[in-house]
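Visitor: One file: target.txt (compact mmCIF, C-alpha atoms (C1' of nucleotides)).
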# COMPACT_ATOMS: atom_id res chain seq x y z
CA MET A 26 -28.70 95.95 132.07
CA PRO A 27 -31.04 95.21 131.84
CA GLU A 28 -32.94 97.92 129.97
CA GLY A 29 -36.71 98.24 130.14
CA HIS A 30 -37.44 95.20 128.02
CA SER A 31 -35.78 92.92 130.59
CA ILE A 32 -37.82 94.40 133.41
CA HIS A 33 -41.05 93.85 131.52
CA ARG A 34 -40.01 90.26 130.90
CA LEU A 35 -39.41 89.88 134.60
CA ALA A 36 -42.86 91.22 135.43
CA ARG A 37 -44.33 88.75 132.98
CA GLN A 38 -42.27 85.88 134.38
CA PHE A 39 -43.22 86.61 137.98
CA THR A 40 -46.87 86.92 137.05
CA SER A 41 -46.87 83.62 135.21
CA VAL A 42 -44.93 81.48 137.67
CA PHE A 43 -45.51 83.04 141.10
CA ALA A 44 -48.74 85.05 141.12
CA GLY A 45 -51.39 83.74 143.47
CA GLN A 46 -48.93 81.69 145.49
CA ALA A 47 -47.51 82.09 148.98
CA LEU A 48 -43.76 82.61 148.76
CA GLN A 49 -40.93 81.88 151.10
CA VAL A 50 -38.81 85.02 151.01
CA SER A 51 -35.27 84.99 152.35
CA SER A 52 -31.93 86.71 151.95
CA PRO A 53 -29.20 84.08 151.81
CA GLN A 54 -26.64 86.86 151.58
CA GLY A 55 -28.11 88.53 154.66
CA ARG A 56 -28.22 92.10 153.40
CA PHE A 57 -31.98 92.00 152.89
CA ALA A 58 -32.89 89.86 155.89
CA ALA A 59 -35.17 92.43 157.56
CA GLY A 60 -37.05 93.21 154.35
CA ALA A 61 -37.43 89.55 153.48
CA ALA A 62 -38.99 88.86 156.86
CA ARG A 63 -41.77 91.37 156.13
CA LEU A 64 -42.77 89.49 152.98
CA ASP A 65 -42.06 85.91 153.97
CA GLY A 66 -45.10 83.66 153.71
CA HIS A 67 -47.26 86.18 151.87
CA VAL A 68 -49.01 85.67 148.56
CA LEU A 69 -47.64 87.42 145.49
CA THR A 70 -50.64 89.24 144.04
CA GLY A 71 -49.02 90.86 141.03
CA ALA A 72 -45.92 92.12 139.26
CA GLN A 73 -45.55 95.35 137.32
CA ALA A 74 -42.77 97.08 135.44
CA HIS A 75 -42.38 100.78 134.77
CA GLY A 76 -39.23 101.62 132.89
CA LYS A 77 -36.43 99.89 134.76
CA GLN A 78 -38.39 99.63 138.00
CA LEU A 79 -39.92 96.31 138.99
CA PHE A 80 -42.67 96.09 141.62
CA LEU A 81 -43.75 92.81 143.18
CA GLU A 82 -47.01 93.18 145.07
CA PHE A 83 -47.92 91.08 148.10
CA ASP A 84 -51.18 90.39 149.90
CA ASN A 85 -50.16 92.46 152.92
CA ASP A 86 -50.26 95.63 150.80
CA LEU A 87 -46.48 95.87 150.61
CA PHE A 88 -44.37 96.04 147.47
CA LEU A 89 -40.90 94.78 146.76
CA ARG A 90 -39.22 97.43 144.62
CA ILE A 91 -36.30 96.18 142.59
CA HIS A 92 -33.92 98.04 140.31
CA LEU A 93 -31.28 95.86 138.70
CA GLY A 94 -28.81 98.66 138.00
CA LEU A 95 -25.84 97.73 135.87
CA TYR A 96 -25.37 94.12 136.86
CA GLY A 97 -28.37 92.89 138.72
CA ALA A 98 -29.99 89.71 137.45
CA PHE A 99 -32.55 87.06 138.36
CA ASP A 100 -32.06 83.34 137.96
CA PHE A 101 -35.05 81.00 137.89
CA GLY A 102 -35.52 77.30 138.27
CA GLY A 103 -38.26 74.83 139.01
CA ASP A 104 -40.68 72.37 137.50
CA GLU A 105 -42.19 72.43 134.02
CA SER A 106 -44.05 75.70 134.74
CA PHE A 107 -40.64 77.37 134.84
CA ARG A 108 -39.75 76.34 131.35
CA GLY A 109 -39.00 79.82 130.02
CA ALA A 110 -35.78 81.78 130.24
CA SER A 111 -33.86 80.84 133.37
CA SER A 112 -31.94 84.09 133.68
CA ILE A 113 -33.16 87.62 133.11
CA GLY A 114 -31.14 90.77 133.77
CA ALA A 115 -27.53 91.73 133.22
CA PRO A 116 -26.17 89.68 130.33
CA ARG A 117 -24.10 86.86 131.72
CA ARG A 118 -22.88 85.66 128.36
CA VAL A 119 -25.16 86.61 125.52
CA GLY A 120 -28.78 87.45 126.05
CA GLU A 121 -30.72 85.24 128.37
CA GLN A 122 -29.96 81.65 129.17
CA GLU A 123 -32.40 79.02 128.07
CA ALA A 124 -33.68 76.80 130.83
CA PRO A 125 -31.62 73.65 131.12
CA ASP A 126 -33.56 70.76 129.66
CA ASP A 127 -34.24 68.17 132.28
CA GLY A 128 -36.49 66.30 129.90
CA GLY A 129 -39.63 67.35 131.71
CA LEU A 130 -39.29 64.33 133.96
CA GLY A 131 -40.67 66.13 136.97
CA THR A 132 -37.36 65.89 138.71
CA TYR A 133 -37.66 69.23 140.50
CA THR A 134 -37.26 68.70 144.22
CA GLY A 135 -36.47 72.19 145.46
CA PRO A 136 -34.03 75.06 145.07
CA PRO A 137 -30.30 74.41 144.98
CA PRO A 138 -28.02 75.75 147.71
CA PRO A 139 -27.52 79.46 147.02
CA LYS A 140 -24.34 80.29 145.12
CA GLY A 141 -22.59 83.60 145.49
CA ALA A 142 -24.25 86.74 146.82
CA VAL A 143 -27.97 86.06 146.61
CA ARG A 144 -29.74 89.14 147.92
CA VAL A 145 -33.21 87.65 147.75
CA ARG A 146 -34.52 84.17 147.18
CA LEU A 147 -38.22 83.64 146.45
CA VAL A 148 -39.50 80.08 146.67
CA SER A 149 -42.89 78.62 145.75
CA PRO A 150 -43.96 74.98 145.68
CA HIS A 151 -43.07 74.95 141.97
CA GLY A 152 -39.80 76.79 141.74
CA TRP A 153 -37.49 79.55 142.87
CA ALA A 154 -35.98 82.91 141.88
CA ASP A 155 -32.62 84.29 143.02
CA LEU A 156 -31.71 87.98 142.77
CA ARG A 157 -28.09 89.14 142.73
CA GLY A 158 -26.48 92.55 142.46
CA PRO A 159 -29.46 94.92 142.35
CA THR A 160 -29.02 98.64 142.89
CA ALA A 161 -32.32 98.77 144.75
CA CYS A 162 -34.18 96.10 146.66
CA GLU A 163 -36.56 97.38 149.28
CA VAL A 164 -39.98 96.88 150.80
CA ILE A 165 -42.24 99.89 150.27
CA THR A 166 -45.86 100.93 150.64
CA ASP A 167 -48.22 101.87 147.84
CA GLU A 168 -47.72 105.56 148.59
CA GLU A 169 -43.97 105.16 148.34
CA ARG A 170 -44.41 103.34 145.06
CA HIS A 171 -46.36 106.29 143.68
CA VAL A 172 -43.59 108.65 144.66
CA VAL A 173 -41.21 106.58 142.55
CA LEU A 174 -43.64 106.46 139.63
CA GLN A 175 -44.24 110.20 139.70
CA ARG A 176 -40.63 110.87 138.86
CA LEU A 177 -40.63 108.71 135.75
CA GLY A 178 -41.35 109.73 132.20
CA PRO A 179 -43.59 107.69 129.90
CA ASP A 180 -42.69 104.04 129.40
CA PRO A 181 -42.77 103.01 125.73
CA LEU A 182 -43.75 99.51 126.80
CA GLN A 183 -46.85 100.65 128.64
CA GLN A 184 -48.77 101.92 125.65
CA ALA A 185 -50.23 104.97 127.35
CA LYS A 186 -52.38 106.80 124.81
CA ASP A 187 -50.62 110.11 125.27
CA GLY A 188 -47.14 108.60 125.54
CA ALA A 189 -45.81 110.17 122.36
CA GLU A 190 -47.08 113.65 123.23
CA ASP A 191 -45.83 113.36 126.77
CA PHE A 192 -42.40 112.33 125.54
CA ALA A 193 -42.30 115.14 122.96
CA ARG A 194 -43.23 117.68 125.64
CA ARG A 195 -40.53 116.49 128.00
CA LEU A 196 -37.94 116.58 125.21
CA ALA A 197 -38.91 120.05 124.08
CA SER A 198 -38.56 121.47 127.57
CA ARG A 199 -34.85 120.72 127.84
CA GLY A 200 -31.73 122.01 126.19
CA SER A 201 -29.43 119.05 126.77
CA PRO A 202 -28.27 116.80 123.96
CA ILE A 203 -30.84 114.21 123.01
CA ALA A 204 -28.40 111.35 123.66
CA ALA A 205 -28.34 112.44 127.29
CA LEU A 206 -32.09 113.01 127.46
CA LEU A 207 -32.91 109.54 126.19
CA MET A 208 -31.04 108.12 129.19
CA ASN A 209 -32.88 110.42 131.58
CA GLN A 210 -35.64 108.36 133.18
CA GLU A 211 -37.68 111.50 133.83
CA VAL A 212 -37.89 112.02 130.08
CA LEU A 213 -38.31 108.44 128.92
CA ALA A 214 -38.52 105.43 131.24
CA GLY A 215 -36.78 102.25 130.23
CA VAL A 216 -34.20 103.27 127.65
CA GLY A 217 -30.55 102.59 128.48
CA ASN A 218 -27.21 102.82 126.77
CA VAL A 219 -27.85 100.30 124.01
CA TYR A 220 -31.27 101.53 122.96
CA ARG A 221 -30.31 105.20 123.05
CA ALA A 222 -27.45 104.68 120.63
CA GLU A 223 -29.34 102.31 118.36
CA VAL A 224 -32.51 104.34 118.14
CA LEU A 225 -30.68 107.56 117.39
CA PHE A 226 -28.93 105.78 114.56
CA ARG A 227 -32.13 104.27 113.23
CA GLN A 228 -33.65 107.73 113.15
CA ARG A 229 -30.42 109.26 111.79
CA ILE A 230 -30.39 111.85 114.56
CA SER A 231 -27.20 113.50 115.75
CA PRO A 232 -26.59 112.73 119.43
CA TRP A 233 -25.87 116.43 120.02
CA THR A 234 -29.24 117.66 118.83
CA THR A 235 -30.80 119.49 121.74
CA GLY A 236 -34.14 118.35 123.05
CA ARG A 237 -35.54 121.79 122.39
CA SER A 238 -34.66 121.65 118.71
CA VAL A 239 -36.30 118.29 118.04
CA GLN A 240 -39.36 118.86 115.85
CA PRO A 241 -42.62 117.37 117.08
CA GLU A 242 -42.91 115.02 114.10
CA GLN A 243 -39.37 113.84 114.71
CA ALA A 244 -40.10 113.26 118.39
CA HIS A 245 -43.17 111.31 117.42
CA ALA A 246 -41.24 109.13 114.98
CA LEU A 247 -38.56 108.57 117.57
CA TRP A 248 -41.13 107.49 120.16
CA ASN A 249 -42.75 105.08 117.71
CA ASP A 250 -39.41 103.56 116.88
CA VAL A 251 -38.55 103.10 120.55
CA VAL A 252 -41.90 101.39 121.06
CA ASP A 253 -41.23 99.04 118.13
CA VAL A 254 -37.69 98.13 118.98
CA MET A 255 -38.33 97.66 122.68
CA ALA A 256 -41.47 95.58 122.11
CA ASP A 257 -39.30 93.37 119.95
CA GLY A 258 -36.79 93.21 122.81
CA VAL A 259 -39.52 91.97 125.13
CA ALA A 260 -40.55 89.33 122.62
CA GLN A 261 -37.02 88.12 121.90
CA GLY A 262 -35.39 88.58 125.29
CA ARG A 263 -32.49 90.35 123.60
CA ILE A 264 -31.78 93.61 121.84
CA VAL A 265 -31.75 93.33 118.07
CA THR A 266 -32.10 96.63 116.24
CA THR A 267 -30.83 95.91 112.73
CA LEU A 268 -33.23 95.43 109.84
CA PRO A 269 -32.69 92.19 107.91
CA GLY A 270 -31.63 94.10 104.81
CA ASP A 271 -28.80 95.75 106.73
CA ARG A 272 -27.24 92.49 107.91
CA SER A 273 -24.43 90.76 106.02
CA ASP A 274 -25.36 87.42 107.56
CA GLN A 275 -28.97 86.22 107.41
CA ALA A 276 -28.53 83.44 109.97
CA GLU A 277 -31.20 82.91 112.62
CA PRO A 278 -31.06 83.63 115.39
CA VAL A 279 -29.37 86.89 114.46
CA PRO A 280 -25.68 86.61 115.43
CA VAL A 281 -24.47 89.03 118.09
CA SER A 282 -22.17 90.59 115.50
CA GLU A 283 -25.20 91.53 113.36
CA ALA A 284 -27.57 92.69 116.06
CA HIS A 285 -26.58 96.37 116.32
CA TYR A 286 -25.84 99.32 114.07
CA VAL A 287 -23.45 101.18 116.35
CA TYR A 288 -23.37 99.77 119.89
CA LYS A 289 -19.87 98.41 120.59
CA ARG A 290 -18.98 98.81 116.92
CA GLN A 291 -16.43 101.62 117.24
CA GLY A 292 -13.86 101.49 114.46
CA LEU A 293 -16.00 99.15 112.37
CA PRO A 294 -17.64 100.34 109.13
CA CYS A 295 -21.16 101.71 109.34
CA ARG A 296 -23.62 99.17 107.92
CA ILE A 297 -25.17 101.92 105.79
CA CYS A 298 -22.37 104.20 104.64
CA GLY A 299 -19.11 102.47 105.55
CA THR A 300 -17.80 105.31 107.73
CA ASP A 301 -16.01 104.19 110.88
CA ILE A 302 -18.36 104.09 113.86
CA ALA A 303 -17.21 106.56 116.51
CA LEU A 304 -17.06 106.34 120.29
CA THR A 305 -17.30 109.20 122.80
CA GLU A 306 -18.37 109.62 126.38
CA MET A 307 -21.64 111.33 127.11
CA ALA A 308 -23.26 111.53 130.52
CA ALA A 309 -20.51 109.27 131.86
CA ARG A 310 -21.50 106.49 129.49
CA LYS A 311 -20.06 105.30 126.22
CA LEU A 312 -21.85 106.75 123.24
CA TYR A 313 -21.55 105.09 119.83
CA TRP A 314 -22.66 106.79 116.61
CA CYS A 315 -21.98 107.19 112.91
CA PRO A 316 -20.43 110.61 112.19
CA SER A 317 -21.77 110.53 108.67
CA CYS A 318 -25.29 109.10 108.94
CA GLN A 319 -25.88 111.09 112.10
CA ALA A 320 -24.12 114.29 111.11
CA GLY A 321 -25.47 117.29 112.94
C1' DG B 10 -5.05 86.27 141.34
C1' DG B 11 -6.29 90.71 140.02
C1' DA B 12 -8.14 94.20 137.07
C1' DA B 13 -11.50 95.84 133.99
C1' DA B 14 -15.86 96.07 132.06
C1' DA B 15 -20.93 95.75 131.92
C1' DT B 16 -27.52 97.32 128.94
C1' DG B 17 -27.50 102.34 136.02
C1' DA B 18 -28.36 105.97 139.11
C1' DT B 19 -27.51 108.77 143.23
C1' DT B 20 -24.73 111.70 145.89
C1' DA B 21 -21.00 114.77 146.68
C1' DT B 22 -17.62 118.32 145.08
C1' DT C 19 -17.61 116.06 136.65
C1' DA C 20 -16.21 112.53 140.12
C1' DA C 21 -16.85 109.15 143.48
C1' DT C 22 -19.57 105.53 144.98
C1' DC C 23 -22.45 101.31 145.30
C1' DC C 24 -23.77 96.51 143.87
C1' DT C 25 -21.81 91.37 141.44
C1' DT C 26 -20.24 88.38 137.85
C1' DT C 27 -17.62 87.38 133.87
C1' DT C 28 -13.70 87.93 130.99
C1' DC C 29 -9.20 88.80 130.09
C1' DC C 30 -4.45 89.14 131.32
C1' DG C 31 -0.43 87.85 133.75
Translate this file's structure into structure tokens.
Guide:
Amino acid sequence: MPEGHSIHRLARQFTSVFAGQALQVSSPQGRFAAGAARLDGHVLTGAQAHGKQLFLEFDNDLFLRIHLGLYGAFDFGGDESFRGASSIGAPRRVGEQEAPDDGGLGTYTGPPPPKGAVRVRLVSPHGWADLRGPTACEVITDEERHVVLQRLGPDPLQQAKDGAEDFARRLASRGSPIAALLMNQEVLAGVGNVYRAEVLFRQRISPWTTGRSVQPEQAHALWNDVVDVMADGVAQGRIVTTLPGDRSDQAEPVPVSEAHYVYKRQGLPCRICGTDIALTEMAARKLYWCPSCQAG
DNA sequence: GGAAAATGATTAT
DNA sequence: TAATCCTTTTCCG
């Protein structure tokens, strides 16, 4: 998943290619036919992300709420205005796919026949977007949207002024291990399994440290690091958490094998100390960490 | 062809 | 904690 950085990229993509235009909304798969009918023909007035939630706003005061879950993803295609990434969401191969180069010949004539289980298809005069595999895809009102937002912690990608303090407060009020709290969207909105492991390593924090025992300065530093690393994820369209000096290969773009400190590196030597990276389950998800650098 | 895995979250036991 | 949902890709036979 699409962790928070992907959702913010989606909001940006929808704003740039669809905002201000009337969209044909359909559900080729059929499972979202009723919802699609309520939006069909309306103008997309905006797109916002909060954590892993994506809201598409239409001119009839309704919102399309989308949560990609583990394997949801959007595919895009169209004319030259669609020249960015063509796929955003669950990694199909590695990171996002670059748009196929049609030479900018203005050959776009319309969306292709839907392939597979397309829950929603959005079509403008300039291009299309297909959504597959989301956990949530529903039409809601503004009040319902606020109910969703109220349950979320601060989003490091939204730059709220009191984000760090808010995060520190939410951490300090709980006794669970920090590696579980970072995945809890009521504590911090947008972090998933990759960022939680990588950020804890970058800050050299033991995954079993309880939220309560995290010092305010440490919580602050952690927040700032999450902001940095996720903002970079938005810019790059992929998660790269290693510092250049900690990579054994300086190639650009950063090879997948050099992008992380601990995520999916169990049994491999820690980039800092050489200790084997460990793997455990926490909160029903795989947790990767360095037993030495992150000793409790 | 089938199973397993994948950057998630809710609900039930 | 376990079961469940959603879909595609990868790996194995």
Visitor: Would you list which chain C residues are within 12 Å of chain A using all atoms listed in the file, as a CSV table (one decimal) with C-alpha atoms (C1' of nucleotides), in the frame of the given file?
Guide:
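New file out_34.csv:
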chain,number,residue,atom,x,y,z
C,19,DT,C1',-17.6,116.1,136.6
C,20,DA,C1',-16.2,112.5,140.1
C,22,DT,C1',-19.6,105.5,145.0
C,23,DC,C1',-22.4,101.3,145.3
C,24,DC,C1',-23.8,96.5,143.9
C,25,DT,C1',-21.8,91.4,141.4
C,26,DT,C1',-20.2,88.4,137.8
C,27,DT,C1',-17.6,87.4,133.9
C,28,DT,C1',-13.7,87.9,131.0
Visitor: If I take atom CA of Pro316 of chain A and atom CA of Thr300 of chain A, how far is one from the other in Å, to one decimal?
Guide: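 The value is 7.4 Å.
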Visitor: Identify, on the basis of all atoms listed in the file, every residue whose closest approach to segment 13-21 of chain B does not exceed 6 Å; exclude the query and any residue fewer than 5 positions from it along the same chain; express the result as a ChimeraX atom specification.
Guide: /A:26-28,94-95,218-219
Visitor: Near segment 224-239 of chain A, counting all atoms listed in the file, which residues have an atom at most 10 Å away, once you skip same-chain residues fewer than 5 positions from it, shown as an mmCIF file with C-alpha atoms, keeping the file's coordinate frame?
Guide:
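As written to disk, selection.cif reads:
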data_model
loop_
_atom_site.group_PDB
_atom_site.id
_atom_site.type_symbol
_atom_site.label_atom_id
_atom_site.label_comp_id
_atom_site.auth_asym_id
_atom_site.auth_seq_id
_atom_site.Cartn_x
_atom_site.Cartn_y
_atom_site.Cartn_z
ATOM 1 C CA ALA A 193 -42.300 115.140 122.960
ATOM 2 C CA ARG A 194 -43.230 117.680 125.640
ATOM 3 C CA ARG A 195 -40.530 116.490 128.000
ATOM 4 C CA LEU A 196 -37.940 116.580 125.210
ATOM 5 C CA ALA A 197 -38.910 120.050 124.080
ATOM 6 C CA SER A 198 -38.560 121.470 127.570
ATOM 7 C CA ARG A 199 -34.850 120.720 127.840
ATOM 8 C CA GLY A 200 -31.730 122.010 126.190
ATOM 9 C CA SER A 201 -29.430 119.050 126.770
ATOM 10 C CA PRO A 202 -28.270 116.800 123.960
ATOM 11 C CA ILE A 203 -30.840 114.210 123.010
ATOM 12 C CA ALA A 204 -28.400 111.350 123.660
ATOM 13 C CA ALA A 205 -28.340 112.440 127.290
ATOM 14 C CA LEU A 206 -32.090 113.010 127.460
ATOM 15 C CA LEU A 207 -32.910 109.540 126.190
ATOM 16 C CA VAL A 216 -34.200 103.270 127.650
ATOM 17 C CA VAL A 219 -27.850 100.300 124.010
ATOM 18 C CA ALA A 244 -40.100 113.260 118.390
ATOM 19 C CA HIS A 245 -43.170 111.310 117.420
ATOM 20 C CA ALA A 246 -41.240 109.130 114.980
ATOM 21 C CA LEU A 247 -38.560 108.570 117.570
ATOM 22 C CA TRP A 248 -41.130 107.490 120.160
ATOM 23 C CA ASP A 250 -39.410 103.560 116.880
ATOM 24 C CA VAL A 251 -38.550 103.100 120.550
ATOM 25 C CA VAL A 254 -37.690 98.130 118.980
ATOM 26 C CA MET A 255 -38.330 97.660 122.680
ATOM 27 C CA THR A 266 -32.100 96.630 116.240
ATOM 28 C CA THR A 267 -30.830 95.910 112.730
ATOM 29 C CA LEU A 268 -33.230 95.430 109.840
ATOM 30 C CA HIS A 285 -26.580 96.370 116.320
ATOM 31 C CA TYR A 286 -25.840 99.320 114.070
ATOM 32 C CA VAL A 287 -23.450 101.180 116.350
ATOM 33 C CA TYR A 288 -23.370 99.770 119.890
ATOM 34 C CA MET A 307 -21.640 111.330 127.110
ATOM 35 C CA LEU A 312 -21.850 106.750 123.240
ATOM 36 C CA TYR A 313 -21.550 105.090 119.830
ATOM 37 C CA TRP A 314 -22.660 106.790 116.610
ATOM 38 C CA CYS A 315 -21.980 107.190 112.910
ATOM 39 C CA PRO A 316 -20.430 110.610 112.190
ATOM 40 C CA SER A 317 -21.770 110.530 108.670
ATOM 41 C CA CYS A 318 -25.290 109.100 108.940
ATOM 42 C CA GLN A 319 -25.880 111.090 112.100
ATOM 43 C CA ALA A 320 -24.120 114.290 111.110
ATOM 44 C CA GLY A 321 -25.470 117.290 112.940
#
Visitor: I want to know what sits within 8 Å of Leu64 of chain A, based on only C-alpha atoms (C1' of nucleotides), with residues of the same chain fewer than 3 positions away left out; could you give that as a list in words?
Guide: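 Answer for this query is Val50, Gly60, Ala61, His67, Phe83, Asn85 and Leu87 of chain A.
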Visitor: Interatomic distance between atom CA of Val148 of chain A and atom CA of Gly258 of chain A?
Guide: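 Going from atom CA of Val148 of chain A over to atom CA of Gly258 of chain A, I get 27.4 Å.
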Visitor: Quick one: residues within 12 Å of Leu174 of chain A, only C-alpha atoms (C1' of nucleotides) counted, chain neighbours fewer than 5 positions away excluded, as a ChimeraX atom specification?
Guide: /A:73-80,90,167-169,179-180,210-211,214
Visitor: Write segment 250-271 of chain A as a compact mmCIF listing (two decimals), in the frame of the given file, completed to N, CA, C and O atoms.
Guide:
# COMPACT_ATOMS: atom_id res chain seq x y z
N ASP A 250 -40.49 104.51 117.13
CA ASP A 250 -39.41 103.56 116.88
C ASP A 250 -38.95 102.89 118.18
O ASP A 250 -38.66 101.70 118.22
N VAL A 251 -38.91 103.67 119.25
CA VAL A 251 -38.55 103.10 120.55
C VAL A 251 -39.57 102.04 120.95
O VAL A 251 -39.22 100.96 121.42
N VAL A 252 -40.84 102.35 120.74
CA VAL A 252 -41.90 101.39 121.06
C VAL A 252 -41.67 100.09 120.28
O VAL A 252 -41.68 98.99 120.84
N ASP A 253 -41.42 100.23 118.98
CA ASP A 253 -41.23 99.04 118.13
C ASP A 253 -40.05 98.19 118.58
O ASP A 253 -40.14 96.99 118.76
N VAL A 254 -38.92 98.86 118.74
CA VAL A 254 -37.69 98.13 118.98
C VAL A 254 -37.67 97.53 120.39
O VAL A 254 -37.14 96.43 120.60
N MET A 255 -38.30 98.22 121.33
CA MET A 255 -38.33 97.66 122.68
C MET A 255 -39.37 96.54 122.81
O MET A 255 -39.15 95.56 123.53
N ALA A 256 -40.48 96.67 122.09
CA ALA A 256 -41.47 95.58 122.11
C ALA A 256 -40.83 94.32 121.53
O ALA A 256 -41.06 93.20 122.01
N ASP A 257 -40.02 94.51 120.52
CA ASP A 257 -39.30 93.37 119.95
C ASP A 257 -38.32 92.79 120.97
O ASP A 257 -38.14 91.56 121.05
N GLY A 258 -37.70 93.67 121.76
CA GLY A 258 -36.79 93.21 122.81
C GLY A 258 -37.51 92.36 123.85
O GLY A 258 -36.97 91.37 124.34
N VAL A 259 -38.73 92.75 124.18
CA VAL A 259 -39.52 91.97 125.13
C VAL A 259 -39.82 90.59 124.53
O VAL A 259 -39.69 89.56 125.20
N ALA A 260 -40.19 90.59 123.26
CA ALA A 260 -40.55 89.33 122.62
C ALA A 260 -39.35 88.39 122.51
O ALA A 260 -39.46 87.19 122.74
N GLN A 261 -38.20 88.95 122.15
CA GLN A 261 -37.02 88.12 121.90
C GLN A 261 -36.18 87.85 123.13
O GLN A 261 -35.37 86.91 123.14
N GLY A 262 -36.26 88.73 124.13
CA GLY A 262 -35.39 88.58 125.29
C GLY A 262 -33.97 89.03 124.99
O GLY A 262 -33.04 88.70 125.72
N ARG A 263 -33.79 89.78 123.92
CA ARG A 263 -32.49 90.35 123.60
C ARG A 263 -32.69 91.56 122.71
O ARG A 263 -33.78 91.74 122.14
N ILE A 264 -31.66 92.38 122.61
CA ILE A 264 -31.78 93.61 121.84
C ILE A 264 -31.24 93.39 120.43
O ILE A 264 -30.04 93.20 120.25
N VAL A 265 -32.14 93.41 119.48
CA VAL A 265 -31.75 93.33 118.07
C VAL A 265 -32.39 94.51 117.36
O VAL A 265 -33.61 94.64 117.34
N THR A 266 -31.56 95.40 116.82
CA THR A 266 -32.10 96.63 116.24
C THR A 266 -31.89 96.72 114.74
O THR A 266 -32.45 97.60 114.09
N THR A 267 -31.09 95.83 114.17
CA THR A 267 -30.83 95.91 112.73
C THR A 267 -32.01 95.35 111.93
O THR A 267 -32.66 94.40 112.35
N LEU A 268 -32.24 95.96 110.77
CA LEU A 268 -33.23 95.43 109.84
C LEU A 268 -32.54 94.33 109.03
O LEU A 268 -31.34 94.43 108.77
N PRO A 269 -33.30 93.31 108.64
CA PRO A 269 -32.69 92.19 107.91
C PRO A 269 -31.85 92.64 106.72
O PRO A 269 -30.76 92.11 106.48
N GLY A 270 -32.35 93.63 105.99
CA GLY A 270 -31.63 94.10 104.81
C GLY A 270 -30.29 94.75 105.11
O GLY A 270 -29.46 94.94 104.22
N ASP A 271 -30.06 95.10 106.36
CA ASP A 271 -28.80 95.75 106.73
C ASP A 271 -27.80 94.78 107.35
O ASP A 271 -26.75 95.19 107.83
